[in-house]
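Visitor: Let me begin by handing over the structure; questions about it come next.
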Amino acid sequence: MLSLEAANELIWKKFRELPLEHVEVDVWEAVDRIMAEDVLSPGNVPEFSRSMCDGYAVLADNTQTAGNETPVLLSFLGEVPPGEKANMEVKEGQCAYVSTGSMIPAGADAVIMVEQTKIQENNSVLLFKPVIAGERIILQGDDLKTGQVIIKQGEKLNPRHVAALVAAGIYRVKVFARPRFAIISTGDELVDIGQEPAVGQIRDSNSYALQAFITRAGGEVVRRVLVKDDGELYRKELENAVKCADMVLISGGCSVGIRDFTAQAINSLPGEGVFIQGVSIRPGRPLIVGECMGKPVFGLPGHPIAPVILFKIVVEKLWHRLTACEETDMITAVVDFDMRPSLFTHLLVQLEKREGFIRAKTAAPENPAQTGAISQAHGYIWIKDLEKGLSQGQIADVYVF
Ligand SMILES: Nc1nc2c(c(=O)[nH]1)N[C@H]1C(S)=C(S)[C@@H](COP(=O)(O)OP(=O)(O)OC[C@H]3O[C@@H](n4cnc5c(N)ncnc54)[C@H](O)[C@@H]3O)O[C@H]1N2
Ligand code: MOO
């Protein structure tokens, strides 16, 4: 059976040219969006040297002998109010009052804090401490230099980027348009929200879980339907979905039962049809991937942990590769349990900080059908070497949800 890596390579080969749109959005609205361009600072920030404190702009050389017993006397030139151009020049023996953020007047190369000075009546100021050149000055370009990269293509815009972008005068950025998803949930036993399940029925939780993960990944759901196990209905709904979305997710119907129509529906539409059926992972082994009318269609097995894990390791993976996004939320944790070798490749874990270390406890015993376990899990460990299992004390990467 195909490995996960091989399956992802096949998917990549097939869809690497999938057309992507860009949109321009306000910087502060672009949080978590993937950048479609590098953004460089168009100028120096600040554009002029500014004072870091309230005090006097001076020539550092003039202050070298200053001390409590030997204050230096400088003549007071005037004030540079914040927000105004400094139209004076500080010369030998002179000083000018500056507020925090004021422009440094020409000639001055340091600022002394007001607490280390005393104003005299005859328009002069006593200084009680020496300062060195550059002291308490934010130099031109100290914050951002012209051409400096603020954020790169493929990076997710984070609130931490916003101040620098706006300070550099960039208010709108180009990001990848949200990928449009259609979700088809399949199964005679399912009822939608708003309906009480009768005996033998369950609620369609997979659609909503997928919608939430899509939203987190920066995508949008443009169509969501629940279909009964009927081959013709499947086909019709898949056609509608493919027409309105960039990617289609089908939940359920992937196994080999008499009511599993996913592969058949994908193969009934124009396009290459199914090119992956089954991957050597658990949960999610009966994964189906196909191409209909140029669009990727993912058949995600119905047991609730499977669609969640597969969304992260296959669907979001494709979206990240298309946008050159390298971000994965991953942390290192100490494994806090022993797990004998099994068929499980992706194991939900709960994280807990104890004795200074982040520890991972298993959140789902070997049962892929637990929504409660998903809700308790902070992420999952990918067990690449099934022969080894996991042992207590081992260090593992945890992919965080
Ligand atoms: N004879 C075999 N049976 C099964 C195999 C197999 O290889 N041979 N594989 C098992 C594995 S592994 C999985 S995973 C499931 C995949 O099943 P399907 O994709 O066909 O999904 P369903 O049969 O429709 O549902 C499975 C399970 O999940 C529940 N479910 C389905 N949709 C939802 C939903 N939207 N929300 C909540 N729960 C859902 C459904 O009620 C079933 O209990 O097949 C195994 N069987
Ligand atoms: O692969 Mo299934 O997803 O074990 O439960």
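Letters for chains follow the order of the structure tokens (A, B, ...), residue numbers begin at 1 for each chain, and ligand numbers begin at 1 in the order shown.
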Please return as number ranges by chain: the residues of segment 254-335 of chain A that backbone DSSP assigns to helix (DSSP H, G or I).
Guide: A: 262-268, 305-322
Visitor: Going by DSSP on the backbone, which bits of segment 274-361 of chain A are strand (DSSP E)? Write them as a PyMOL selection string, please.
Guide: chain A and resi 274-277+288-292+295-300+330-335+346-354+357-361
Visitor: If I take atom CA of Gln394 of chain A and atom CA of Asp329 of chain A, how far is one from the other in Å, to one decimal?
Guide: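 Pair atom CA of Gln394 of chain A / atom CA of Asp329 of chain A returns 19.7 Å.
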Visitor: Might you pull out every residue within 12 Å of Glu220 of chain A, with only C-alpha atoms counted and same-chain residues fewer than 6 positions away left off, and present them as a ChimeraX atom specification?
Guide: /A:177-183,210-214,244-248
Visitor: Find the spatial neighbours of Cys254 of chain A, counting only C-alpha atoms, within a cut-off of 7 Å - ignore same-chain residues fewer than 2 positions away - and output them as number ranges by chain.
Guide: A: 252, 256, 260, 262-263, 286-288, 299-301
Visitor: How about saving the chosen residues, all heavy atoms kept, as a PDB file, in the first residue's frame?
Guide:
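Written out: result-v2.pdb:
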```pdb
ATOM      1  N   GLY A 252     -16.830   9.892   4.471  1.00  0.00           N
ATOM      2  CA  GLY A 252     -17.483   8.580   4.492  1.00  0.00           C
ATOM      3  C   GLY A 252     -17.573   7.945   3.120  1.00  0.00           C
ATOM      4  O   GLY A 252     -17.168   8.522   2.104  1.00  0.00           O
ATOM      5  N   VAL A 256     -15.130  -0.521   1.707  1.00  0.00           N
ATOM      6  CA  VAL A 256     -15.419  -1.467   0.623  1.00  0.00           C
ATOM      7  C   VAL A 256     -16.818  -2.073   0.733  1.00  0.00           C
ATOM      8  O   VAL A 256     -17.128  -3.065   0.090  1.00  0.00           O
ATOM      9  CB  VAL A 256     -14.357  -2.602   0.622  1.00  0.00           C
ATOM     10  CG1 VAL A 256     -13.031  -2.079   0.141  1.00  0.00           C
ATOM     11  CG2 VAL A 256     -14.237  -3.217   2.017  1.00  0.00           C
ATOM     12  N   ASP A 260     -20.691   1.983  -0.086  1.00  0.00           N
ATOM     13  CA  ASP A 260     -19.576   2.928  -0.199  1.00  0.00           C
ATOM     14  C   ASP A 260     -19.409   3.367  -1.650  1.00  0.00           C
ATOM     15  O   ASP A 260     -18.823   2.665  -2.472  1.00  0.00           O
ATOM     16  CB  ASP A 260     -18.283   2.284   0.348  1.00  0.00           C
ATOM     17  CG  ASP A 260     -18.371   2.082   1.851  1.00  0.00           C
ATOM     18  OD1 ASP A 260     -18.965   2.956   2.527  1.00  0.00           O
ATOM     19  OD2 ASP A 260     -17.866   1.069   2.353  1.00  0.00           O
ATOM     20  N   THR A 262     -18.092   6.436  -2.823  1.00  0.00           N
ATOM     21  CA  THR A 262     -17.220   7.587  -3.084  1.00  0.00           C
ATOM     22  C   THR A 262     -16.360   7.407  -4.341  1.00  0.00           C
ATOM     23  O   THR A 262     -16.366   8.269  -5.225  1.00  0.00           O
ATOM     24  CB  THR A 262     -16.351   7.894  -1.838  1.00  0.00           C
ATOM     25  OG1 THR A 262     -17.246   8.252  -0.791  1.00  0.00           O
ATOM     26  CG2 THR A 262     -15.383   9.028  -2.074  1.00  0.00           C
ATOM     27  N   ALA A 263     -15.671   6.285  -4.432  1.00  0.00           N
ATOM     28  CA  ALA A 263     -14.785   6.061  -5.588  1.00  0.00           C
ATOM     29  C   ALA A 263     -15.596   6.045  -6.891  1.00  0.00           C
ATOM     30  O   ALA A 263     -15.217   6.678  -7.888  1.00  0.00           O
ATOM     31  CB  ALA A 263     -14.019   4.760  -5.418  1.00  0.00           C
ATOM     32  N   PRO A 286      -8.450   4.036   4.443  1.00  0.00           N
ATOM     33  CA  PRO A 286      -9.179   3.964   3.157  1.00  0.00           C
ATOM     34  C   PRO A 286      -9.257   5.296   2.403  1.00  0.00           C
ATOM     35  O   PRO A 286     -10.161   5.484   1.590  1.00  0.00           O
ATOM     36  CB  PRO A 286     -10.587   3.503   3.565  1.00  0.00           C
ATOM     37  CG  PRO A 286     -10.530   3.200   5.028  1.00  0.00           C
ATOM     38  CD  PRO A 286      -9.378   3.941   5.586  1.00  0.00           C
ATOM     39  N   LEU A 287      -8.324   6.194   2.648  1.00  0.00           N
ATOM     40  CA  LEU A 287      -8.332   7.492   1.943  1.00  0.00           C
ATOM     41  C   LEU A 287      -8.448   7.295   0.426  1.00  0.00           C
ATOM     42  O   LEU A 287      -7.777   6.442  -0.156  1.00  0.00           O
ATOM     43  CB  LEU A 287      -7.023   8.247   2.242  1.00  0.00           C
ATOM     44  CG  LEU A 287      -6.751   9.489   1.379  1.00  0.00           C
ATOM     45  CD1 LEU A 287      -7.682  10.639   1.766  1.00  0.00           C
ATOM     46  CD2 LEU A 287      -5.287   9.938   1.518  1.00  0.00           C
ATOM     47  N   ILE A 288      -9.299   8.137  -0.183  1.00  0.00           N
ATOM     48  CA  ILE A 288      -9.434   8.126  -1.646  1.00  0.00           C
ATOM     49  C   ILE A 288      -9.091   9.518  -2.151  1.00  0.00           C
ATOM     50  O   ILE A 288      -9.548  10.523  -1.577  1.00  0.00           O
ATOM     51  CB  ILE A 288     -10.883   7.785  -2.059  1.00  0.00           C
ATOM     52  CG1 ILE A 288     -11.197   6.325  -1.671  1.00  0.00           C
ATOM     53  CG2 ILE A 288     -11.104   7.998  -3.552  1.00  0.00           C
ATOM     54  CD1 ILE A 288     -12.641   5.916  -1.928  1.00  0.00           C
ATOM     55  N   GLY A 299     -11.656  11.764  -0.622  1.00  0.00           N
ATOM     56  CA  GLY A 299     -12.623  10.930   0.077  1.00  0.00           C
ATOM     57  C   GLY A 299     -12.027  10.587   1.428  1.00  0.00           C
ATOM     58  O   GLY A 299     -11.032   9.855   1.518  1.00  0.00           O
ATOM     59  N   LEU A 300     -12.603  11.168   2.479  1.00  0.00           N
ATOM     60  CA  LEU A 300     -12.045  10.991   3.816  1.00  0.00           C
ATOM     61  C   LEU A 300     -12.880   9.962   4.573  1.00  0.00           C
ATOM     62  O   LEU A 300     -14.095  10.150   4.719  1.00  0.00           O
ATOM     63  CB  LEU A 300     -12.043  12.330   4.568  1.00  0.00           C
ATOM     64  CG  LEU A 300     -11.410  13.516   3.814  1.00  0.00           C
ATOM     65  CD1 LEU A 300     -11.580  14.810   4.602  1.00  0.00           C
ATOM     66  CD2 LEU A 300      -9.936  13.252   3.531  1.00  0.00           C
ATOM     67  N   PRO A 301     -12.246   8.885   5.043  1.00  0.00           N
ATOM     68  CA  PRO A 301     -12.993   7.852   5.743  1.00  0.00           C
ATOM     69  C   PRO A 301     -13.793   8.427   6.912  1.00  0.00           C
ATOM     70  O   PRO A 301     -13.369   9.387   7.548  1.00  0.00           O
ATOM     71  CB  PRO A 301     -11.913   6.903   6.238  1.00  0.00           C
ATOM     72  CG  PRO A 301     -10.728   7.176   5.378  1.00  0.00           C
ATOM     73  CD  PRO A 301     -10.820   8.588   4.943  1.00  0.00           C
TER      74      PRO A 301
END
```
Visitor: Give the residue list for ligand 1 at 9 Å, counting only C-alpha atoms and all ligand atoms, as a PyMOL selection string, sorted by chain and then by residue number.
Guide: chain A and resi 184-192+201-209+226+229+250-257+259-262+282-287+299-307+368-369+371
Visitor: Excluding same-chain residues fewer than 3 positions from Thr345 of chain A, what lies within 12 Å of it counting only C-alpha atoms, as a ChimeraX atom specification?
Guide: /A:3-4,279-285,306,309-310,313,339,341-342,348,366,368,380-390
Visitor: Could you write those residues out with C-alpha atoms, as a PDB file, in the first residue's frame?
Guide:
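Okay, this is what ended up in part.pdb:
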```pdb
ATOM      1  CA  SER A   3       2.991   5.371   2.025  1.00  0.00           C
ATOM      2  CA  LEU A   4       1.789   8.783   3.202  1.00  0.00           C
ATOM      3  CA  VAL A 279      -2.717   4.677   2.175  1.00  0.00           C
ATOM      4  CA  SER A 280      -0.672   2.829   4.785  1.00  0.00           C
ATOM      5  CA  ILE A 281      -1.693   5.017   7.686  1.00  0.00           C
ATOM      6  CA  ARG A 282      -4.088   4.621  10.550  1.00  0.00           C
ATOM      7  CA  PRO A 283      -6.467   6.289  11.112  1.00  0.00           C
ATOM      8  CA  GLY A 284      -7.450   7.111   7.568  1.00  0.00           C
ATOM      9  CA  ARG A 285      -6.313   3.998   5.702  1.00  0.00           C
ATOM     10  CA  ALA A 306      -9.729  10.056  10.285  1.00  0.00           C
ATOM     11  CA  ILE A 309      -6.027  13.861  10.765  1.00  0.00           C
ATOM     12  CA  LEU A 310      -6.281  13.547   6.987  1.00  0.00           C
ATOM     13  CA  ILE A 313      -1.635  15.664   6.791  1.00  0.00           C
ATOM     14  CA  MET A 339       2.747   2.185  23.343  1.00  0.00           C
ATOM     15  CA  PRO A 341       4.011  -1.400  18.166  1.00  0.00           C
ATOM     16  CA  SER A 342       0.646  -1.185  16.404  1.00  0.00           C
ATOM     17  CA  LEU A 348      -3.768  11.973  19.255  1.00  0.00           C
ATOM     18  CA  GLU A 366      -6.806   2.561  19.695  1.00  0.00           C
ATOM     19  CA  PRO A 368     -10.575   5.979  15.551  1.00  0.00           C
ATOM     20  CA  TYR A 380      -0.854  14.278  17.238  1.00  0.00           C
ATOM     21  CA  ILE A 381       2.398  12.378  17.035  1.00  0.00           C
ATOM     22  CA  TRP A 382       3.354  10.828  13.701  1.00  0.00           C
ATOM     23  CA  ILE A 383       4.820   7.399  14.458  1.00  0.00           C
ATOM     24  CA  LYS A 384       6.983   6.806  11.427  1.00  0.00           C
ATOM     25  CA  ASP A 385       8.583   3.596  12.626  1.00  0.00           C
ATOM     26  CA  LEU A 386       5.685   1.330  13.538  1.00  0.00           C
ATOM     27  CA  GLU A 387       8.001  -1.445  14.690  1.00  0.00           C
ATOM     28  CA  LYS A 388       9.244   0.684  17.547  1.00  0.00           C
ATOM     29  CA  GLY A 389       5.982   2.038  18.930  1.00  0.00           C
ATOM     30  CA  LEU A 390       6.530   4.698  21.554  1.00  0.00           C
TER      31      LEU A 390
END
```
Visitor: Mind pulling up the distance from atom CA of Val289 of chain A to atom CA of Phe275 of chain A?
Guide: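 Result for atom CA of Phe275 of chain A versus atom CA of Val289 of chain A: 6.1 Å, one decimal.
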